[in-house]
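target.cif, holding mmCIF, C-alpha atoms; chains and numbers go by the auth columns:
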```cif
data_entry
loop_
_atom_site.group_PDB
_atom_site.id
_atom_site.type_symbol
_atom_site.label_atom_id
_atom_site.label_comp_id
_atom_site.label_asym_id
_atom_site.label_seq_id
_atom_site.Cartn_x
_atom_site.Cartn_y
_atom_site.Cartn_z
_atom_site.B_iso_or_equiv
_atom_site.auth_seq_id
_atom_site.auth_asym_id
ATOM 1 C CA MET A 1 73.415 -38.153 -68.622 0.00 50 H
ATOM 2 C CA ALA A 2 69.998 -36.516 -68.786 0.00 51 H
ATOM 3 C CA SER A 3 70.063 -32.939 -69.614 0.00 52 H
ATOM 4 C CA GLU A 4 68.826 -30.672 -66.834 0.00 53 H
ATOM 5 C CA LYS A 5 65.876 -28.455 -67.653 0.00 54 H
ATOM 6 C CA GLN A 6 66.947 -24.883 -67.373 0.00 55 H
ATOM 7 C CA ARG A 7 64.574 -22.316 -65.848 0.00 56 H
ATOM 8 C CA ALA A 8 63.988 -19.138 -67.826 0.00 57 H
ATOM 9 C CA PRO A 9 65.182 -16.071 -65.963 0.00 58 H
ATOM 10 C CA SER A 10 62.528 -13.609 -64.808 0.00 59 H
ATOM 11 C CA PHE A 11 62.318 -9.988 -65.853 0.00 60 H
ATOM 12 C CA ASP A 12 63.865 -8.865 -62.560 0.00 61 H
ATOM 13 C CA ASP A 13 66.783 -11.277 -62.986 0.00 62 H
ATOM 14 C CA ILE A 14 67.457 -9.928 -66.481 0.00 63 H
ATOM 15 C CA VAL A 15 67.321 -6.301 -65.292 0.00 64 H
ATOM 16 C CA PHE A 16 69.593 -6.925 -62.293 0.00 65 H
ATOM 17 C CA GLU A 17 71.928 -9.397 -64.033 0.00 66 H
ATOM 18 C CA ILE A 18 74.891 -7.036 -64.042 0.00 67 H
ATOM 19 C CA ARG A 19 73.771 -4.953 -61.061 0.00 68 H
ATOM 20 C CA ASN A 20 74.142 -5.225 -57.324 0.00 69 H
ATOM 21 C CA LYS A 21 71.220 -7.339 -56.080 0.00 70 H
ATOM 22 C CA ASP A 22 72.104 -6.765 -52.447 0.00 71 H
ATOM 23 C CA TYR A 23 71.394 -3.051 -52.671 0.00 72 H
ATOM 24 C CA GLY A 24 67.653 -3.471 -51.918 0.00 73 H
ATOM 25 C CA ALA A 25 65.885 -2.546 -55.099 0.00 74 H
ATOM 26 C CA TYR A 26 65.955 -6.123 -56.302 0.00 75 H
ATOM 27 C CA ARG A 27 64.148 -7.369 -53.167 0.00 76 H
ATOM 28 C CA LEU A 28 61.504 -4.649 -53.425 0.00 77 H
ATOM 29 C CA ARG A 29 60.744 -5.547 -57.054 0.00 78 H
ATOM 30 C CA LYS A 30 60.532 -9.257 -56.147 0.00 79 H
ATOM 31 C CA LYS A 31 57.907 -8.516 -53.398 0.00 80 H
ATOM 32 C CA TYR A 32 56.023 -5.874 -55.410 0.00 81 H
ATOM 33 C CA ASN A 33 53.185 -8.118 -56.664 0.00 82 H
ATOM 34 C CA ARG A 34 52.595 -9.637 -53.230 0.00 83 H
ATOM 35 C CA ASN A 35 52.555 -6.213 -51.566 0.00 84 H
ATOM 36 C CA ILE A 36 50.060 -4.922 -54.168 0.00 85 H
ATOM 37 C CA ILE A 37 47.675 -7.846 -53.489 0.00 86 H
ATOM 38 C CA ILE A 38 47.930 -7.392 -49.718 0.00 87 H
ATOM 39 C CA GLY A 39 47.307 -3.656 -50.047 0.00 88 H
ATOM 40 C CA ILE A 40 44.245 -4.212 -52.221 0.00 89 H
ATOM 41 C CA LEU A 41 42.801 -6.701 -49.711 0.00 90 H
ATOM 42 C CA ILE A 42 43.417 -4.325 -46.798 0.00 91 H
ATOM 43 C CA GLY A 43 41.812 -1.423 -48.704 0.00 92 H
ATOM 44 C CA VAL A 44 38.746 -3.519 -49.573 0.00 93 H
ATOM 45 C CA LEU A 45 38.441 -4.586 -45.921 0.00 94 H
ATOM 46 C CA ILE A 46 38.664 -0.991 -44.626 0.00 95 H
ATOM 47 C CA LEU A 47 36.205 0.268 -47.238 0.00 96 H
ATOM 48 C CA GLY A 48 33.720 -2.500 -46.393 0.00 97 H
ATOM 49 C CA THR A 49 34.025 -1.693 -42.683 0.00 98 H
ATOM 50 C CA ILE A 50 33.362 2.000 -43.334 0.00 99 H
ATOM 51 C CA VAL A 51 30.296 1.199 -45.433 0.00 100 H
ATOM 52 C CA ILE A 52 28.771 -1.534 -43.218 0.00 101 H
ATOM 53 C CA THR A 53 29.443 -0.042 -39.747 0.00 102 H
ATOM 54 C CA PRO A 54 26.881 2.863 -39.951 0.00 103 H
ATOM 55 C CA HIS A 55 24.241 0.455 -41.241 0.00 104 H
ATOM 56 C CA LEU A 56 24.827 -1.988 -38.382 0.00 105 H
ATOM 57 C CA TYR A 57 24.835 0.855 -35.854 0.00 106 H
ATOM 58 C CA ALA A 58 21.500 2.161 -37.186 0.00 107 H
ATOM 59 C CA LYS A 59 19.981 -1.316 -36.992 0.00 108 H
ATOM 60 C CA ALA A 60 21.187 -1.764 -33.400 0.00 109 H
ATOM 61 C CA ALA A 61 19.822 1.650 -32.364 0.00 110 H
ATOM 62 C CA GLU A 62 16.449 0.896 -33.946 0.00 111 H
ATOM 63 C CA SER A 63 16.131 -2.488 -32.214 0.00 112 H
ATOM 64 C CA LYS A 64 17.181 -0.922 -28.897 0.00 113 H
ATOM 65 C CA LYS A 65 14.517 1.780 -29.264 0.00 114 H
ATOM 66 C CA LYS A 66 11.862 -0.853 -29.955 0.00 115 H
ATOM 67 C CA ARG A 67 12.909 -2.810 -26.868 0.00 116 H
ATOM 68 C CA GLU A 68 12.756 0.335 -24.758 0.00 117 H
ATOM 69 C CA GLU A 69 9.246 1.079 -26.014 0.00 118 H
ATOM 70 C CA ARG A 70 8.038 -2.456 -25.306 0.00 119 H
ATOM 71 C CA GLN A 71 9.658 -2.911 -21.910 0.00 120 H
ATOM 72 C CA VAL A 72 7.604 -0.988 -19.355 0.00 121 H
ATOM 73 C CA GLU A 73 8.137 -1.915 -15.744 0.00 122 H
ATOM 74 C CA MET A 74 5.517 -1.108 -13.126 0.00 123 H
ATOM 75 C CA ILE A 75 6.697 -1.844 -9.613 0.00 124 H
ATOM 76 C CA MET A 76 4.147 -2.306 -6.869 0.00 125 H
ATOM 77 C CA GLU A 77 5.564 -1.944 -3.428 0.00 126 H
ATOM 78 C CA ASN A 78 4.665 -1.220 0.173 0.00 127 H
ATOM 79 C CA LEU A 79 1.170 -2.660 0.055 0.00 128 H
ATOM 80 C CA ASP A 80 1.042 -2.983 3.828 0.00 129 H
ATOM 81 C CA GLN A 81 -1.629 -0.805 5.301 0.00 130 H
ATOM 82 C CA PRO A 82 -0.680 1.641 8.080 0.00 131 H
ATOM 83 C CA ALA A 83 -0.432 -0.079 11.425 0.00 132 H
ATOM 84 C CA GLU A 84 -2.223 2.621 13.343 0.00 133 H
ATOM 85 C CA GLN A 85 -4.018 1.473 16.430 0.00 134 H
ATOM 86 C CA VAL A 86 -7.595 2.562 16.146 0.00 135 H
ATOM 87 C CA ALA A 87 -9.930 2.008 19.028 0.00 136 H
ATOM 88 C CA PRO A 88 -12.875 -0.231 18.135 0.00 137 H
ATOM 89 C CA PRO A 89 -16.133 1.604 17.670 0.00 138 H
ATOM 90 C CA PRO A 90 -18.390 1.822 20.703 0.00 139 H
ATOM 91 C CA PRO A 91 -21.173 -0.740 20.866 0.00 140 H
ATOM 92 C CA PRO A 92 -24.458 0.413 19.415 0.00 141 H
ATOM 93 C CA PRO A 93 -26.954 1.750 21.943 0.00 142 H
ATOM 94 C CA PRO A 94 -29.679 -0.665 22.992 0.00 143 H
ATOM 95 C CA PRO A 95 -32.866 -0.337 20.980 0.00 144 H
ATOM 96 C CA PRO A 96 -35.551 1.663 22.719 0.00 145 H
ATOM 97 C CA ALA A 97 -38.226 -0.308 24.393 0.00 146 H
ATOM 98 C CA GLU A 98 -41.323 -0.661 22.372 0.00 147 H
ATOM 99 C CA THR A 99 -44.004 1.568 23.734 0.00 148 H
ATOM 100 C CA VAL A 100 -47.577 0.556 23.370 0.00 149 H
ATOM 101 C CA GLN A 101 -49.833 3.514 22.900 0.00 150 H
ATOM 102 C CA GLN A 102 -53.013 3.165 24.846 0.00 151 H
ATOM 103 C CA ASN A 103 -56.058 5.246 24.137 0.00 152 H
ATOM 104 C CA ARG A 104 -58.385 6.106 26.923 0.00 153 H
ATOM 105 C CA TYR A 105 -61.756 4.505 26.559 0.00 154 H
ATOM 106 C CA VAL A 106 -64.460 7.027 25.816 0.00 155 H
ATOM 107 C CA PRO A 107 -67.978 5.828 26.439 0.00 156 H
ATOM 108 C CA PRO A 108 -70.329 6.239 23.493 0.00 157 H
ATOM 109 C CA VAL A 109 -72.866 9.046 23.562 0.00 158 H
ATOM 110 C CA VAL A 110 -76.437 8.051 22.952 0.00 159 H
ATOM 111 C CA VAL A 111 -78.303 10.417 20.647 0.00 160 H
ATOM 112 C CA ASP A 112 -81.662 10.453 19.096 0.00 161 H
ATOM 113 C CA THR A 113 -82.205 8.372 16.002 0.00 162 H
ATOM 114 C CA VAL A 114 -81.463 10.294 12.822 0.00 163 H
ATOM 115 C CA LYS A 115 -82.786 9.307 9.469 0.00 164 H
ATOM 116 C CA PRO A 116 -80.032 8.441 6.910 0.00 165 H
ATOM 117 C CA GLU A 117 -81.437 10.766 4.319 0.00 166 H
ATOM 118 C CA ASP A 118 -81.009 13.758 6.630 0.00 167 H
ATOM 119 C CA ASN A 119 -77.169 13.363 6.691 0.00 168 H
ATOM 120 C CA VAL A 120 -76.652 12.729 2.968 0.00 169 H
ATOM 121 C CA GLN A 121 -74.687 15.562 1.340 0.00 170 H
ATOM 122 C CA LEU A 122 -73.624 15.779 -2.298 0.00 171 H
ATOM 123 C CA MET A 123 -69.913 16.428 -3.114 0.00 172 H
ATOM 124 C CA THR A 124 -69.130 19.325 -5.374 0.00 173 H
ATOM 125 C CA ALA A 125 -66.745 19.124 -8.370 0.00 174 H
ATOM 126 C CA ASP A 126 -64.100 21.211 -6.571 0.00 175 H
ATOM 127 C CA GLN A 127 -64.155 18.897 -3.550 0.00 176 H
ATOM 128 C CA ALA A 128 -63.879 15.813 -5.791 0.00 177 H
ATOM 129 C CA SER A 129 -60.849 17.232 -7.688 0.00 178 H
ATOM 130 C CA THR A 130 -59.202 18.279 -4.406 0.00 179 H
ATOM 131 C CA ASP A 131 -59.563 14.777 -2.984 0.00 180 H
ATOM 132 C CA VAL A 132 -57.987 13.259 -6.133 0.00 181 H
ATOM 133 C CA VAL A 133 -54.998 15.631 -5.929 0.00 182 H
ATOM 134 C CA ASN A 134 -54.521 14.874 -2.229 0.00 183 H
ATOM 135 C CA GLU A 135 -54.536 11.129 -2.885 0.00 184 H
ATOM 136 C CA GLU A 136 -51.893 11.478 -5.653 0.00 185 H
ATOM 137 C CA TYR A 137 -49.727 13.673 -3.427 0.00 186 H
ATOM 138 C CA ILE A 138 -49.932 11.170 -0.562 0.00 187 H
ATOM 139 C CA GLU A 139 -48.973 8.301 -2.886 0.00 188 H
ATOM 140 C CA ALA A 140 -45.958 10.261 -4.231 0.00 189 H
ATOM 141 C CA VAL A 141 -44.795 11.085 -0.702 0.00 190 H
ATOM 142 C CA GLU A 142 -45.064 7.442 0.325 0.00 191 H
ATOM 143 C CA GLU A 143 -43.008 6.359 -2.706 0.00 192 H
ATOM 144 C CA VAL A 144 -40.277 8.893 -1.867 0.00 193 H
ATOM 145 C CA LYS A 145 -40.208 7.685 1.726 0.00 194 H
ATOM 146 C CA GLU A 146 -39.790 4.097 0.565 0.00 195 H
ATOM 147 C CA GLU A 147 -36.871 5.065 -1.728 0.00 196 H
ATOM 148 C CA VAL A 148 -35.178 7.013 1.059 0.00 197 H
ATOM 149 C CA GLN A 149 -35.507 4.057 3.409 0.00 198 H
ATOM 150 C CA GLU A 150 -33.963 1.744 0.793 0.00 199 H
ATOM 151 C CA VAL A 151 -30.887 3.971 0.312 0.00 200 H
ATOM 152 C CA GLU A 152 -28.977 3.731 3.558 0.00 201 H
ATOM 153 C CA ALA A 153 -26.210 6.212 4.277 0.00 202 H
ATOM 154 C CA GLU A 154 -22.727 4.686 3.992 0.00 203 H
ATOM 155 C CA PRO A 155 -20.821 5.035 7.293 0.00 204 H
ATOM 156 C CA GLU A 156 -17.411 6.717 7.439 0.00 205 H
ATOM 157 C CA PRO A 157 -14.697 4.288 6.188 0.00 206 H
ATOM 158 C CA PHE A 158 -12.296 2.825 8.746 0.00 207 H
ATOM 159 C CA VAL A 159 -8.500 3.082 8.461 0.00 208 H
ATOM 160 C CA VAL A 160 -7.639 -0.156 10.276 0.00 209 H
ATOM 161 C CA VAL A 161 -10.072 -2.905 11.198 0.00 210 H
ATOM 162 C CA GLU A 162 -9.833 -6.330 12.767 0.00 211 H
ATOM 163 C CA GLU A 163 -10.000 -8.067 9.381 0.00 212 H
ATOM 164 C CA MET A 164 -8.626 -6.000 6.477 0.00 213 H
ATOM 165 C CA PRO A 165 -10.074 -6.253 2.942 0.00 214 H
ATOM 166 C CA MET A 166 -8.505 -8.921 0.730 0.00 215 H
ATOM 167 C CA PHE A 167 -8.198 -8.983 -3.066 0.00 216 H
ATOM 168 C CA PRO A 168 -9.137 -12.364 -4.621 0.00 217 H
ATOM 169 C CA GLY A 169 -5.845 -14.263 -4.650 0.00 218 H
ATOM 170 C CA GLY A 170 -4.066 -11.852 -2.304 0.00 219 H
ATOM 171 C CA ASP A 171 -1.516 -9.124 -3.043 0.00 220 H
ATOM 172 C CA PRO A 172 0.311 -11.118 -5.787 0.00 221 H
ATOM 173 C CA ALA A 173 -2.938 -11.354 -7.740 0.00 222 H
ATOM 174 C CA LEU A 174 -3.515 -7.617 -7.228 0.00 223 H
ATOM 175 C CA LEU A 175 -0.018 -6.843 -8.566 0.00 224 H
ATOM 176 C CA ALA A 176 -0.548 -9.096 -11.562 0.00 225 H
ATOM 177 C CA TYR A 177 -3.928 -7.538 -12.364 0.00 226 H
ATOM 178 C CA ILE A 178 -2.643 -3.961 -12.222 0.00 227 H
ATOM 179 C CA GLY A 179 0.475 -4.863 -14.247 0.00 228 H
ATOM 180 C CA GLU A 180 -1.580 -6.508 -17.009 0.00 229 H
ATOM 181 C CA HIS A 181 -4.249 -3.803 -17.266 0.00 230 H
ATOM 182 C CA THR A 182 -2.024 -0.685 -17.017 0.00 231 H
ATOM 183 C CA ASN A 183 -1.192 1.142 -20.268 0.00 232 H
ATOM 184 C CA TYR A 184 1.764 3.527 -20.136 0.00 233 H
ATOM 185 C CA PRO A 185 0.520 6.870 -21.556 0.00 234 H
ATOM 186 C CA GLU A 186 2.207 7.721 -24.849 0.00 235 H
ATOM 187 C CA VAL A 187 2.667 11.382 -23.872 0.00 236 H
ATOM 188 C CA ALA A 188 4.465 10.419 -20.664 0.00 237 H
ATOM 189 C CA LYS A 189 6.553 7.868 -22.571 0.00 238 H
ATOM 190 C CA GLU A 190 7.650 10.416 -25.187 0.00 239 H
ATOM 191 C CA ASN A 191 8.600 12.938 -22.486 0.00 240 H
ATOM 192 C CA ASN A 192 10.343 10.248 -20.381 0.00 241 H
ATOM 193 C CA ILE A 193 8.090 10.939 -17.356 0.00 242 H
ATOM 194 C CA GLN A 194 8.450 8.379 -14.567 0.00 243 H
ATOM 195 C CA GLY A 195 7.536 8.177 -10.893 0.00 244 H
ATOM 196 C CA ARG A 196 5.297 6.638 -8.247 0.00 245 H
ATOM 197 C CA VAL A 197 1.592 7.404 -7.921 0.00 246 H
ATOM 198 C CA ILE A 198 -0.128 6.631 -4.604 0.00 247 H
ATOM 199 C CA VAL A 199 -3.838 5.936 -5.020 0.00 248 H
ATOM 200 C CA ARG A 200 -6.334 5.711 -2.157 0.00 249 H
ATOM 201 C CA PHE A 201 -9.768 4.157 -2.472 0.00 250 H
ATOM 202 C CA CYS A 202 -12.514 2.771 -0.267 0.00 251 H
ATOM 203 C CA VAL A 203 -13.466 -0.915 -0.208 0.00 252 H
ATOM 204 C CA THR A 204 -17.151 -0.786 0.683 0.00 253 H
ATOM 205 C CA ALA A 205 -18.999 -3.230 2.910 0.00 254 H
ATOM 206 C CA LYS A 206 -20.048 -5.062 -0.269 0.00 255 H
ATOM 207 C CA GLY A 207 -16.447 -5.282 -1.562 0.00 256 H
ATOM 208 C CA SER A 208 -16.759 -2.775 -4.396 0.00 257 H
ATOM 209 C CA VAL A 209 -14.257 0.059 -5.032 0.00 258 H
ATOM 210 C CA SER A 210 -15.359 3.673 -4.521 0.00 259 H
ATOM 211 C CA GLN A 211 -14.079 7.151 -3.558 0.00 260 H
ATOM 212 C CA ILE A 212 -10.889 6.835 -5.658 0.00 261 H
ATOM 213 C CA SER A 213 -8.381 9.665 -5.195 0.00 262 H
ATOM 214 C CA VAL A 214 -4.660 10.372 -5.705 0.00 263 H
ATOM 215 C CA LEU A 215 -2.736 11.015 -2.496 0.00 264 H
ATOM 216 C CA LYS A 216 0.593 11.655 -4.250 0.00 265 H
ATOM 217 C CA GLY A 217 0.750 12.299 -7.985 0.00 266 H
ATOM 218 C CA VAL A 218 3.549 12.597 -10.544 0.00 267 H
ATOM 219 C CA ASP A 219 1.961 13.718 -13.811 0.00 268 H
ATOM 220 C CA PRO A 220 -1.697 14.216 -14.842 0.00 269 H
ATOM 221 C CA GLU A 221 -1.442 11.448 -17.450 0.00 270 H
ATOM 222 C CA LEU A 222 0.105 8.929 -15.031 0.00 271 H
ATOM 223 C CA ASP A 223 -2.348 9.914 -12.266 0.00 272 H
ATOM 224 C CA LYS A 224 -5.293 9.476 -14.620 0.00 273 H
ATOM 225 C CA GLU A 225 -4.088 6.035 -15.766 0.00 274 H
ATOM 226 C CA ALA A 226 -3.531 4.874 -12.168 0.00 275 H
ATOM 227 C CA MET A 227 -7.062 5.927 -11.170 0.00 276 H
ATOM 228 C CA ARG A 228 -8.498 4.229 -14.264 0.00 277 H
ATOM 229 C CA VAL A 229 -6.828 0.908 -13.471 0.00 278 H
ATOM 230 C CA VAL A 230 -7.964 1.035 -9.834 0.00 279 H
ATOM 231 C CA SER A 231 -11.549 1.760 -10.929 0.00 280 H
ATOM 232 C CA THR A 232 -11.570 -1.530 -12.909 0.00 281 H
ATOM 233 C CA LEU A 233 -10.552 -3.693 -9.936 0.00 282 H
ATOM 234 C CA PRO A 234 -12.953 -6.584 -9.266 0.00 283 H
ATOM 235 C CA ALA A 235 -14.750 -6.930 -5.950 0.00 284 H
ATOM 236 C CA PHE A 236 -12.642 -7.420 -2.795 0.00 285 H
ATOM 237 C CA LYS A 237 -13.436 -9.557 0.195 0.00 286 H
ATOM 238 C CA PRO A 238 -14.748 -6.769 2.458 0.00 287 H
ATOM 239 C CA GLY A 239 -13.098 -5.886 5.747 0.00 288 H
ATOM 240 C CA LYS A 240 -14.822 -6.743 9.009 0.00 289 H
ATOM 241 C CA GLN A 241 -15.066 -5.047 12.390 0.00 290 H
ATOM 242 C CA GLY A 242 -16.818 -6.908 15.165 0.00 291 H
ATOM 243 C CA GLY A 243 -17.759 -9.648 12.699 0.00 292 H
ATOM 244 C CA LYS A 244 -19.689 -7.236 10.434 0.00 293 H
ATOM 245 C CA PRO A 245 -18.604 -5.983 6.982 0.00 294 H
ATOM 246 C CA VAL A 246 -17.562 -2.327 7.088 0.00 295 H
ATOM 247 C CA PRO A 247 -16.039 0.133 4.570 0.00 296 H
ATOM 248 C CA VAL A 248 -12.237 0.445 4.836 0.00 297 H
ATOM 249 C CA TRP A 249 -9.686 2.794 3.247 0.00 298 H
ATOM 250 C CA TYR A 250 -7.124 1.026 1.036 0.00 299 H
ATOM 251 C CA MET A 251 -3.898 2.472 -0.407 0.00 300 H
ATOM 252 C CA VAL A 252 -1.929 1.251 -3.462 0.00 301 H
ATOM 253 C CA PRO A 253 1.400 2.744 -4.658 0.00 302 H
ATOM 254 C CA ILE A 254 2.034 2.241 -8.416 0.00 303 H
ATOM 255 C CA THR A 255 5.512 2.950 -9.838 0.00 304 H
ATOM 256 C CA PHE A 256 5.820 3.806 -13.550 0.00 305 H
ATOM 257 C CA THR A 257 9.329 3.098 -14.885 0.00 306 H
ATOM 258 C CA LEU A 258 10.725 3.097 -18.430 0.00 307 H
ATOM 259 C CA LYS A 259 13.657 0.815 -19.308 0.00 308 H
#
```

Show this structure as structure tokens.
Amino acid sequence: MASEKQRAPSFDDIVFEIRNKDYGAYRLRKKYNRNIIIGILIGVLILGTIVITPHLYAKAAESKKKREERQVEMIMENLDQPAEQVAPPPPPPPPPAETVQQNRYVPPVVVDTVKPEDNVQLMTADQASTDVVNEEYIEAVEEVKEEVQEVEAEPEPFVVVEEMPMFPGGDPALLAYIGEHTNYPEVAKENNIQGRVIVRFCVTAKGSVSQISVLKGVDPELDKEAMRVVSTLPAFKPGKQGGKPVPVWYMVPITFTLK
């Protein structure tokens, strides 16, 4: 019969050989090593959490701040022009009839024959210089008259016309242009200034933008940026009244919002 291999008793078995093992101390000593290992693991886990959590929170706050600085939303809304009924302008008065000026015929007067040398008079130096100055003055006046005739006075802009001005590509293209070319002022961004700026401008008979003004402002920096963007708008398709291009008021609300 093979001899059975006997297991060597542990230190706890030797200590509690003649003692009551059911009292509880024996079980605690048996589980002591396992409890120590579990406690060490839990302590390492808590310590790692305490050390890593502030770092992760700082990283998350920094990335959130960067996203807030990059995400700038500009909402364009209510581009419809006021539907006020404006009476069409009265027709222009008929041009005056051309008048032909007639001079009464004056019969010539017959006089005695005069020799040419009797009427010849020499011009003095003062008279010659005076004539030169008069000629230069007349030429300058004629040039000024020509320039004044070239510059025609712009009529008063209309509010509503039969055919309103149109941005190339329509309102969606206008929104896209303003959104791409608007820069949120850093001062307003740092002070968390938001709001809607209403800008009014005139679309001339040639389609250009002029007479830019702020009807309702929020902050000087935002108002200035809104006027700058509007001043860079390309030419519109001009509005028409009676089939003729005319200047028309145009209004654009621009909303500056920080996310």

Using all atoms listed in the file, which of the listed residues (H:Tyr233, H:Pro287, H:Lys293, H:Val301) sits closest to Leu264 of chain H?
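Selected residue with least distance to Leu264 of chain H: H:Val301.
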
Written as an MDAnalysis selection string, what is the full residue list that the PyMOL selection byres ((chain H and resi 239-253) around 6) yields on the file shown?
chainID H and resid 236:238 254:267 296:306

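When you apply the PyMOL selection byres ((chain H and resi 290) around 9) to this structure, what comes back is Pro137, Pro138, Val210, Glu211, Glu212, Met213, Gly288, Lys289, Gly291, Gly292, Lys293, Pro294 and Val295 of chain H.
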
Report task. Would you list the contacts of Glu229 of chain H as a list in words, taking every protein, DNA or RNA residue within 10 Å and counting all atoms listed in the file, but skipping same-chain residues closer than 3 positions in sequence? Result ->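 The residues that qualify are Met123, Leu224, Ala225, Tyr226, Asn232 and Val278 of chain H.
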
Expressed in Å, the length from atom CA of Lys308 of chain H to atom CA of His230 of chain H is 18.6 Å

- Please indicate the distance in Å from atom CA of Glu191 of chain H to atom CA of Glu205 of chain H, rounded to one decimal place.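 The value is 28.6 Å.
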
Atomic distance atom CA of Ser280 of chain H - atom CA of Phe216 of chain H, expressed in Å with one decimal:
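These two atoms are separated by 13.7 Å.
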
If you count all atoms listed in the file, which residues fall within 7 Å of Met215 of chain H, apart from same-chain ones fewer than 3 positions away, as a compact mmCIF listing (two decimals) with C-alpha atoms, in the frame of the given file?
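Once everything was written out, this is around_5.txt:
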```txt
# COMPACT_ATOMS: atom_id res chain seq x y z
CA GLY H 219 -4.07 -11.85 -2.30
CA PHE H 285 -12.64 -7.42 -2.80
CA LYS H 286 -13.44 -9.56 0.20
CA PRO H 287 -14.75 -6.77 2.46
```

Quick one: segment 241-279 of chain H with C-alpha atoms, as a PDB file, in the first residue's frame?
```pdb
ATOM      1  CA  ASN H 241     -19.631  87.651 -24.078  1.00  0.00           C
ATOM      2  CA  ILE H 242     -21.535  90.362 -26.012  1.00  0.00           C
ATOM      3  CA  GLN H 243     -24.252  88.989 -28.291  1.00  0.00           C
ATOM      4  CA  GLY H 244     -27.278  90.383 -30.100  1.00  0.00           C
ATOM      5  CA  ARG H 245     -28.845  91.337 -33.419  1.00  0.00           C
ATOM      6  CA  VAL H 246     -27.697  94.287 -35.517  1.00  0.00           C
ATOM      7  CA  ILE H 247     -30.082  95.664 -38.158  1.00  0.00           C
ATOM      8  CA  VAL H 248     -28.253  97.340 -41.033  1.00  0.00           C
ATOM      9  CA  ARG H 249     -29.915  99.482 -43.702  1.00  0.00           C
ATOM     10  CA  PHE H 250     -28.290 100.380 -46.997  1.00  0.00           C
ATOM     11  CA  CYS H 251     -29.253 101.646 -50.432  1.00  0.00           C
ATOM     12  CA  VAL H 252     -28.948  99.530 -53.583  1.00  0.00           C
ATOM     13  CA  THR H 253     -28.330 102.147 -56.259  1.00  0.00           C
ATOM     14  CA  ALA H 254     -29.666 102.080 -59.802  1.00  0.00           C
ATOM     15  CA  LYS H 255     -26.337 100.534 -60.842  1.00  0.00           C
ATOM     16  CA  GLY H 256     -26.553  97.795 -58.170  1.00  0.00           C
ATOM     17  CA  SER H 257     -23.813  99.087 -55.880  1.00  0.00           C
ATOM     18  CA  VAL H 258     -24.195  99.459 -52.084  1.00  0.00           C
ATOM     19  CA  SER H 259     -24.222 102.945 -50.543  1.00  0.00           C
ATOM     20  CA  GLN H 260     -25.597 104.975 -47.602  1.00  0.00           C
ATOM     21  CA  ILE H 261     -24.910 102.207 -45.043  1.00  0.00           C
ATOM     22  CA  SER H 262     -26.306 102.864 -41.559  1.00  0.00           C
ATOM     23  CA  VAL H 263     -27.286 100.943 -38.404  1.00  0.00           C
ATOM     24  CA  LEU H 264     -30.990 101.077 -37.579  1.00  0.00           C
ATOM     25  CA  LYS H 265     -30.671  99.019 -34.380  1.00  0.00           C
ATOM     26  CA  GLY H 266     -27.292  98.405 -32.770  1.00  0.00           C
ATOM     27  CA  VAL H 267     -26.028  96.210 -29.933  1.00  0.00           C
ATOM     28  CA  ASP H 268     -22.397  97.155 -29.322  1.00  0.00           C
ATOM     29  CA  PRO H 269     -20.018  99.517 -31.181  1.00  0.00           C
ATOM     30  CA  GLU H 270     -17.725  96.623 -32.128  1.00  0.00           C
ATOM     31  CA  LEU H 271     -20.565  94.446 -33.467  1.00  0.00           C
ATOM     32  CA  ASP H 272     -22.150  97.429 -35.263  1.00  0.00           C
ATOM     33  CA  LYS H 273     -18.835  98.306 -36.889  1.00  0.00           C
ATOM     34  CA  GLU H 274     -18.261  94.714 -38.062  1.00  0.00           C
ATOM     35  CA  ALA H 275     -21.795  94.468 -39.495  1.00  0.00           C
ATOM     36  CA  MET H 276     -21.332  97.699 -41.473  1.00  0.00           C
ATOM     37  CA  ARG H 277     -17.929  96.515 -42.712  1.00  0.00           C
ATOM     38  CA  VAL H 278     -19.322  93.237 -44.041  1.00  0.00           C
ATOM     39  CA  VAL H 279     -22.227  95.001 -45.769  1.00  0.00           C
TER      40      VAL H 279
END
```
